[in-house]
Each structure stands twice: as C-alpha cells, then as structure tokens.
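Here the structure is laid out as structure tokens; the discussion comes afterwards.
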Amino acid sequence: MHAEPRIWSYAATLLGSPILLKLFHDDPAVARRTFRLIKQLENLLTVNRTPSQVMDINLAAGRHPVTVSAPVFALIARAQAASLRPDSLFNFAIGPLVKRWKIGFRGDSVPPAAEIAALLPLTDPQRVVLDAASHTVWLPQAGMALDLGAIAKGYIADRVRDDLRQQQVDRALINLGGNVHTLGAGSDAGWSIGLKTPFAGPETLIGALQVRDRSVVTSGIYERWFEQDGRLWHHILDPKTGYPLDNELLSVTVISADSIDGDIWTTLLYGMGVERGLAALAQEPALEAIFVTRDRRVIPSSQRHYTFTLLDDSWQWLPVGY
Ligand code: FAD
Ligand code: MG
C-alpha cells in the first residue's frame, strides 16, 4: 500500500466565498501570494464596492465610456460573447436584477413584479458598447450594470493556476467556492473532488471525481438562495423573465482545461437543461459536464478526462448517450 502523500491546506475568505489552497509542501509564502493575487483581482472586478474597474463602468452608466485594463477588457469581451449566443441564459448585463434581488446578500426579498418588468429593459447585453481599440466599455443608459459573478471566479482560478506554475508549483488545488482548479495530480488516482448533494450539509456527497490538470466548476441552485412565500428563490436568474430559472436541474458541473470555460458553460448549460445541453456538448470536444437533476439522476456528457465514483446510491449514475 502507498502512504498517502501529506497535503498542506490554507484557507481564506475572499470573493464572498471560502477559499482553499492545497499544496504538497508547507509554503505559507506561496499561500500568501496566492491570496494576495485573488484579492487584487477581486478589487478589479467586484461589483459590490468601490473602487473597481467594473464599478467604474457601472457608475458611469448613461454618462460616459470607461477605459479599463487589457485583461479586464478581454474578460468583459468574453462575457459579452457568451451573452450574445442564441438563446443564452448567460447575461453579463444582468446587474440591475442581481442588485435588486440581493440573493446571497443581506436584504434579499422577492421584488414586486412591476419592478422586475421595469428593470428588464436595462439588462439587454446587446446594448453594451465595447471598443477593442480603446479598451472602453460603455453602458448607454443610467441604471444599466455589468455583473461578472458567473465568469470572474473562473478567470481568477486560471490566473492562480498560471501564477502557481510560474512559481514552479506543479501540484496544487485551488477551490474558490464552487470553482476548483487542479495542477498535476493529488495522488496516483488524481485529485478527488466532491460532487455535492444539493441542499445537504457541505460534506454530503453524491460522488467524487478524480482529475488531474483540470478545472471542475459547479453551478447550482443550492448555494445561494432564500425562502419566501413557501418557495425557494436562488441566484441563477433567467434574463428573459427576471426570476430565478427553474427547470429539471439542481446543478451542472463542467470539467475543462481552463476554468473560465467551465464557469461560462455551467451557466449556459444550466439554461439549456439536460437534452439541449448534451447536444451542445457534442460539438465541444474540450468540455465535459455532469448534470444533476431533481429526479435524482446524475448524467455525464462523456468521461474522457475524469473518473467518477458514486458514493450515494440513492442517486442514479446514468452514463447514457456516449
Ligand atoms: P454562477 O452560477 O456561475 O453564477 C451566478 C452568479 O452570476 C449570480 O450570483 C449572479 O451574480 C450572476 N448571475 C445570475 N444570473 C445570471 C445570468 N443569467 N447570467 C450571468 N450572470 C448571472 N459574494 C458576497 O457574498 N460578497 C462579496 O463581497 C462578493 N464579492 C465578489 C467579488 C467578485 C469579484 C466575485 C467574482 C464574486 C463575489 N461574490 C461575493 C460572489 C458573487 O456574488 C456570486 O455569488 C458568485 O460569483 C457566484 O459564483 P457561482 O460560481 O456560484 O455562480
Ligand atoms: Mg458560471
């Protein structure tokens, strides 16, 4: 039998989320540098306080275009491209609705229908003007606001991976709260990443994925929600209606080389549902997904870059369609 290699874990709270870094040697300096990088990127991208480049854009809505740095512009361009896909659930201009619902923040409540109807026209992603030559972003109407909550953690996870590699760290795991990125393998089998049981305790798992050098991103309706009028209201909003999107899904997990793709696609696939999602993934050989449904099915699109162990057989693992 192999002795399990020793792992050192470092924790912080950033991005409004619990952050965990795992290393194979005790290196507080690497951990400090990693958390500092995440904090710097949070300070560029947050929409929850000033100053940040994205807040500058939002505060200038209806007044003037704002010049942002090249990486922030590139991220916003990716977010707009995802938002403009046909029938996309992803909408980077959803800020006014996210701010009004406040789901996951203090003061969350179901807004009056008339308020939602009034905010919807402010969330049209086509109206956001990007100028690639000058790196400017322009929200033409007061009240419009970007929200990068569905893509920024993926971007940040990739930046952390790149920075760790630059420091010659070749085996590590970073968890940004739902966005996990891995370097190398944690053991002979790879890094083991839990697939959480929705609406159960944090340690309760449907199963575990084993991966190496992959990102594993999960979007679920069970992480940020509140109850009102006997209903559960979660944080993935349908840009067509302005209300949380309810379909057959509890969560979607995407396994990919880059975490930014995983973050974009968890949201896109959440909107597509199982059937359309599997069809879309058939055209995306670099991406794999696991859908978790309300009727306790766990459906992988394919299994090229990970193995899966079912830990709770009250869920059905259904590797169909490939
Ligand atoms: P995903 O499922 O990938 O995306 C859901 C999030 O995207 C929602 O929370 C909302 O922000 C937004 N969204 C909702 N519907 C859509 C849609 N249709 N299209 C596109 N986007 C949508 N949390 C705190 O509690 N306090 C903080 O101070 C805080 N600061 C943050 C700063 C940064 C830079 C980032 C990236 C996140 C921060 N967060 C904070 C967390 C943030 O509010 C979101 O909850 C988080 O990013 C959701 O990540 P996810 O992977 O679970 O969500
Ligand atoms: Mg996402």
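Going by the structure tokens order, chains are called A, B, ..., each with residues numbered from 1, while ligands are numbered from 1 in the order shown.
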**Request:** Write out as a PyMOL selection string each polymer residue whose atoms come within 9 Å of A:Ser69, counting only C-alpha atoms; drop sequence neighbours fewer than 5 positions from it.
**Result:** chain A and resi 53+74+135-136
Produce a table with one row for each residue of chain A that has an atom at most 7 Å from any atom of ligand 1, each row naming the nearest atom pair and its distance in Å at one decimal; use only C-alpha atoms and all ligand atoms; arrange rows by chain and rising residue number; format as JSON lines.
```
{"residue": "A:Leu15", "atom": "CA", "partner": "ligand 1", "partner_atom_place_in_ligand_line": "31 (C)", "distance": 3.8}
{"residue": "A:Gly16", "atom": "CA", "partner": "ligand 1", "partner_atom_place_in_ligand_line": "24 (C)", "distance": 3.5}
{"residue": "A:Ser17", "atom": "CA", "partner": "ligand 1", "partner_atom_place_in_ligand_line": "23 (N)", "distance": 6.3}
{"residue": "A:Leu41", "atom": "CA", "partner": "ligand 1", "partner_atom_place_in_ligand_line": "34 (C)", "distance": 6.8}
{"residue": "A:Glu42", "atom": "CA", "partner": "ligand 1", "partner_atom_place_in_ligand_line": "34 (C)", "distance": 4.0}
{"residue": "A:Asn43", "atom": "CA", "partner": "ligand 1", "partner_atom_place_in_ligand_line": "34 (C)", "distance": 6.8}
{"residue": "A:Leu45", "atom": "CA", "partner": "ligand 1", "partner_atom_place_in_ligand_line": "34 (C)", "distance": 4.6}
{"residue": "A:Thr46", "atom": "CA", "partner": "ligand 1", "partner_atom_place_in_ligand_line": "34 (C)", "distance": 3.9}
{"residue": "A:Val47", "atom": "CA", "partner": "ligand 1", "partner_atom_place_in_ligand_line": "32 (C)", "distance": 6.6}
{"residue": "A:Asn48", "atom": "CA", "partner": "ligand 1", "partner_atom_place_in_ligand_line": "28 (O)", "distance": 5.6}
{"residue": "A:Leu89", "atom": "CA", "partner": "ligand 1", "partner_atom_place_in_ligand_line": "18 (N)", "distance": 5.0}
{"residue": "A:Phe90", "atom": "CA", "partner": "ligand 1", "partner_atom_place_in_ligand_line": "19 (N)", "distance": 3.6}
{"residue": "A:Asn91", "atom": "CA", "partner": "ligand 1", "partner_atom_place_in_ligand_line": "19 (N)", "distance": 3.8}
{"residue": "A:Phe92", "atom": "CA", "partner": "ligand 1", "partner_atom_place_in_ligand_line": "20 (C)", "distance": 5.0}
{"residue": "A:Ile94", "atom": "CA", "partner": "ligand 1", "partner_atom_place_in_ligand_line": "17 (C)", "distance": 6.2}
{"residue": "A:Val98", "atom": "CA", "partner": "ligand 1", "partner_atom_place_in_ligand_line": "10 (C)", "distance": 5.9}
{"residue": "A:Gly104", "atom": "CA", "partner": "ligand 1", "partner_atom_place_in_ligand_line": "25 (O)", "distance": 5.9}
{"residue": "A:Phe105", "atom": "CA", "partner": "ligand 1", "partner_atom_place_in_ligand_line": "25 (O)", "distance": 5.7}
{"residue": "A:Asp147", "atom": "CA", "partner": "ligand 1", "partner_atom_place_in_ligand_line": "11 (O)", "distance": 6.0}
{"residue": "A:Leu148", "atom": "CA", "partner": "ligand 1", "partner_atom_place_in_ligand_line": "36 (C)", "distance": 6.3}
{"residue": "A:Gly149", "atom": "CA", "partner": "ligand 1", "partner_atom_place_in_ligand_line": "47 (O)", "distance": 3.5}
{"residue": "A:Ala150", "atom": "CA", "partner": "ligand 1", "partner_atom_place_in_ligand_line": "4 (O)", "distance": 3.4}
{"residue": "A:Ile151", "atom": "CA", "partner": "ligand 1", "partner_atom_place_in_ligand_line": "3 (O)", "distance": 6.0}
{"residue": "A:Ala152", "atom": "CA", "partner": "ligand 1", "partner_atom_place_in_ligand_line": "36 (C)", "distance": 4.4}
{"residue": "A:Lys153", "atom": "CA", "partner": "ligand 1", "partner_atom_place_in_ligand_line": "36 (C)", "distance": 4.8}
{"residue": "A:Gly178", "atom": "CA", "partner": "ligand 1", "partner_atom_place_in_ligand_line": "51 (O)", "distance": 5.6}
{"residue": "A:Asn179", "atom": "CA", "partner": "ligand 1", "partner_atom_place_in_ligand_line": "51 (O)", "distance": 6.3}
{"residue": "A:Thr218", "atom": "CA", "partner": "ligand 1", "partner_atom_place_in_ligand_line": "51 (O)", "distance": 6.5}
{"residue": "A:Ser219", "atom": "CA", "partner": "ligand 1", "partner_atom_place_in_ligand_line": "2 (O)", "distance": 4.1}
{"residue": "A:Gly220", "atom": "CA", "partner": "ligand 1", "partner_atom_place_in_ligand_line": "2 (O)", "distance": 6.2}
{"residue": "A:Glu223", "atom": "CA", "partner": "ligand 1", "partner_atom_place_in_ligand_line": "52 (O)", "distance": 6.7}
{"residue": "A:Arg224", "atom": "CA", "partner": "ligand 1", "partner_atom_place_in_ligand_line": "45 (O)", "distance": 7.0}
{"residue": "A:His235", "atom": "CA", "partner": "ligand 1", "partner_atom_place_in_ligand_line": "9 (O)", "distance": 5.0}
{"residue": "A:Ile236", "atom": "CA", "partner": "ligand 1", "partner_atom_place_in_ligand_line": "15 (N)", "distance": 4.0}
{"residue": "A:Leu237", "atom": "CA", "partner": "ligand 1", "partner_atom_place_in_ligand_line": "15 (N)", "distance": 3.9}
{"residue": "A:Asp238", "atom": "CA", "partner": "ligand 1", "partner_atom_place_in_ligand_line": "18 (N)", "distance": 5.2}
{"residue": "A:Pro239", "atom": "CA", "partner": "ligand 1", "partner_atom_place_in_ligand_line": "18 (N)", "distance": 5.3}
{"residue": "A:Asp263", "atom": "CA", "partner": "ligand 1", "partner_atom_place_in_ligand_line": "3 (O)", "distance": 5.4}
{"residue": "A:Ile264", "atom": "CA", "partner": "ligand 1", "partner_atom_place_in_ligand_line": "3 (O)", "distance": 6.9}
{"residue": "A:Thr266", "atom": "CA", "partner": "ligand 1", "partner_atom_place_in_ligand_line": "3 (O)", "distance": 6.4}
{"residue": "A:Thr267", "atom": "CA", "partner": "ligand 1", "partner_atom_place_in_ligand_line": "3 (O)", "distance": 5.7}
```
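Around stretch 241-258 of chain A, within 6 Å and counting only C-alpha atoms, the residues found are A:Arg214, A:Ser215, A:Val216, A:Val217, A:Thr218, A:Ser219, A:Gly220, A:Ile221, A:His234, A:Ile236, A:Thr266, A:Leu287, A:Glu288, A:Ala289, A:Ile290, A:Phe291, A:Val292, A:Thr293, A:Arg294, once anything fewer than 5 positions away on its own chain is removed.
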**Request:** Mind listing the strand (DSSP E) residues of stretch 94-247 of chain A, per DSSP on the backbone, as JSON, numbers by chain?
**Result:** {"A": [129, 130, 131, 136, 137, 138, 172, 173, 174, 175, 179, 180, 181, 182, 183, 191, 192, 193, 194, 195, 196, 205, 206, 207, 208, 209, 210, 211, 215, 216, 217, 218, 219, 220, 225, 226, 227, 228, 231, 232, 233, 234]}
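Nearest residue to A:Leu139, choosing from A:Arg6, A:His181, A:His64, A:Arg106 and counting only C-alpha atoms: A:His64.
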Find the spatial neighbours of stretch 164-167 of chain A, counting only C-alpha atoms, within a cut-off of 12 Å - ignore same-chain residues fewer than 2 positions away - and output them as an mmCIF file with C-alpha atoms, in the first residue's frame.
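Contents of selection-v1.cif, freshly written:
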```
data_model
loop_
_atom_site.group_PDB
_atom_site.id
_atom_site.type_symbol
_atom_site.label_atom_id
_atom_site.label_comp_id
_atom_site.auth_asym_id
_atom_site.auth_seq_id
_atom_site.Cartn_x
_atom_site.Cartn_y
_atom_site.Cartn_z
ATOM 1 C CA LEU A 21 -5.408 26.173 -1.378
ATOM 2 C CA LYS A 22 -3.794 22.739 -1.090
ATOM 3 C CA LEU A 23 -0.059 22.207 -1.547
ATOM 4 C CA ASP A 27 4.763 27.038 1.979
ATOM 5 C CA ALA A 29 4.666 32.372 1.279
ATOM 6 C CA VAL A 30 3.051 30.728 -1.749
ATOM 7 C CA ALA A 31 -0.304 30.777 0.054
ATOM 8 C CA ARG A 32 0.054 34.470 0.962
ATOM 9 C CA ARG A 33 0.985 35.347 -2.629
ATOM 10 C CA THR A 34 -1.982 33.338 -3.979
ATOM 11 C CA PHE A 35 -4.473 35.010 -1.658
ATOM 12 C CA LEU A 37 -3.437 37.755 -6.207
ATOM 13 C CA ALA A 157 -8.866 30.407 -10.962
ATOM 14 C CA ASP A 158 -6.932 30.356 -14.262
ATOM 15 C CA ARG A 159 -4.787 33.294 -13.147
ATOM 16 C CA VAL A 160 -4.000 31.465 -9.879
ATOM 17 C CA ARG A 161 -3.046 28.321 -11.796
ATOM 18 C CA ASP A 162 -0.730 30.325 -14.077
ATOM 19 C CA VAL A 169 4.465 24.646 -8.067
ATOM 20 C CA ASP A 170 3.474 21.637 -10.142
ATOM 21 C CA ARG A 171 0.946 20.001 -7.800
ATOM 22 C CA ALA A 172 -1.772 22.087 -6.173
ATOM 23 C CA LEU A 173 -5.506 22.552 -5.834
ATOM 24 C CA ILE A 174 -7.346 25.857 -5.542
ATOM 25 C CA HIS A 181 -8.707 24.121 -10.371
ATOM 26 C CA THR A 182 -6.014 21.458 -10.145
ATOM 27 C CA LEU A 183 -2.342 21.312 -11.075
ATOM 28 C CA GLY A 184 -0.877 17.869 -11.531
ATOM 29 C CA ASP A 213 -4.645 19.280 -14.549
#
```
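From atom CA of A:Ile38 back to atom CA of A:Leu269, the distance works out to 26.4 Å.
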Neighbouring residues of stretch 121-123 of chain A were defined as those with any atom within 9 Å, considering only C-alpha atoms; residues of the same chain fewer than 3 positions away were excluded. Please report them as an mmCIF file with C-alpha atoms, in the first residue's frame.
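What ended up in around.cif:
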```cif
data_model
loop_
_atom_site.group_PDB
_atom_site.id
_atom_site.type_symbol
_atom_site.label_atom_id
_atom_site.label_comp_id
_atom_site.auth_asym_id
_atom_site.auth_seq_id
_atom_site.Cartn_x
_atom_site.Cartn_y
_atom_site.Cartn_z
ATOM 1 C CA ASN A 91 -26.174 37.678 -19.447
ATOM 2 C CA PHE A 92 -23.335 39.893 -18.260
ATOM 3 C CA ALA A 93 -25.670 42.916 -18.178
ATOM 4 C CA ILE A 94 -27.903 41.279 -15.531
ATOM 5 C CA GLY A 95 -26.539 43.611 -12.805
ATOM 6 C CA PRO A 96 -29.740 45.619 -12.156
ATOM 7 C CA LEU A 97 -31.682 42.417 -11.398
ATOM 8 C CA ALA A 117 -40.570 44.389 -15.516
ATOM 9 C CA ALA A 118 -39.096 47.880 -15.278
ATOM 10 C CA GLN A 126 -26.525 43.914 -26.983
ATOM 11 C CA ARG A 127 -26.689 47.487 -25.765
ATOM 12 C CA GLN A 141 -28.390 54.130 -20.149
ATOM 13 C CA ALA A 142 -28.341 55.123 -16.483
ATOM 14 C CA GLY A 143 -29.254 52.140 -14.304
ATOM 15 C CA MET A 144 -27.518 49.571 -16.538
ATOM 16 C CA ALA A 145 -24.869 47.488 -14.711
ATOM 17 C CA LEU A 146 -22.489 44.655 -15.531
ATOM 18 C CA PRO A 239 -32.685 37.022 -18.183
#
```
**Asked** Which of these residues is nearest to A:Arg36, using only C-alpha atoms: A:Ser52, A:Gln210, A:Thr13, A:Ser134?
**Response** A:Thr13
**Item:** Within 12 Å of A:Asp131 using only C-alpha atoms, minus same-chain residues under 5 positions, as a list in words
**Value:** Pro65, Val66, Thr67, Val68, Ala70, Phe73, Ala74, Ile76, Ala77, Thr136, Val137, Trp138 and Leu139 of chain A
Keeping only C-alpha atoms, write the selected residues as a compact mmCIF listing (two decimals), in the first residue's frame.
```txt
# COMPACT_ATOMS: atom_id res chain seq x y z
CA PRO A 65 -17.48 55.21 -21.67
CA VAL A 66 -14.79 53.94 -19.26
CA THR A 67 -11.31 52.73 -20.20
CA VAL A 68 -10.32 49.50 -18.48
CA ALA A 70 -6.43 44.94 -21.22
CA PHE A 73 -11.48 44.28 -21.28
CA ALA A 74 -10.72 40.76 -22.57
CA ILE A 76 -15.72 41.56 -20.45
CA ALA A 77 -15.49 40.74 -24.18
CA THR A 136 -13.56 51.21 -23.40
CA VAL A 137 -16.85 49.85 -22.09
CA TRP A 138 -19.96 51.99 -22.31
CA LEU A 139 -23.35 51.42 -20.72
```
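The gap separating atom CA of A:Val211 from atom CA of A:Arg85 is 29.3 Å, in Å to one decimal.
The coordinates place atom CA of A:Leu176 at 4.8 Å from atom CA of A:Ile19.
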**Item:** For ligand 2, the nearest of the candidates A:Phe24, A:Tyr155, A:Tyr306, A:Trp315, counting only C-alpha atoms and all ligand atoms
**Value:** A:Tyr155
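The residue that comes closest to ligand 2, out of A:Ala280, A:Ala12, A:Leu20, A:Ala79 and on the basis of only C-alpha atoms and all ligand atoms, is A:Ala79.
Secondary structure from DSSP on the backbone puts alpha helix (DSSP H) at the following positions of stretch 251-307 of chain A: Ser259, Ile260, Asp261, Gly262, Asp263, Ile264, Trp265, Thr266, Thr267, Leu268, Leu269, Tyr270, Gly271, Met272, Gly273, Val274, Glu275, Arg276, Gly277, Leu278, Ala279, Ala280 and Leu281 of chain A.
The smallest atom-to-atom distance between A:Ser83 and any of A:Pro285, A:Gly154, A:Gly271, A:Pro125, using only C-alpha atoms, is found for A:Pro125.
Residue nearest A:Glu275, chosen from A:Leu205, A:Val320, A:Val128, A:His305 and counting only C-alpha atoms: A:Val320.
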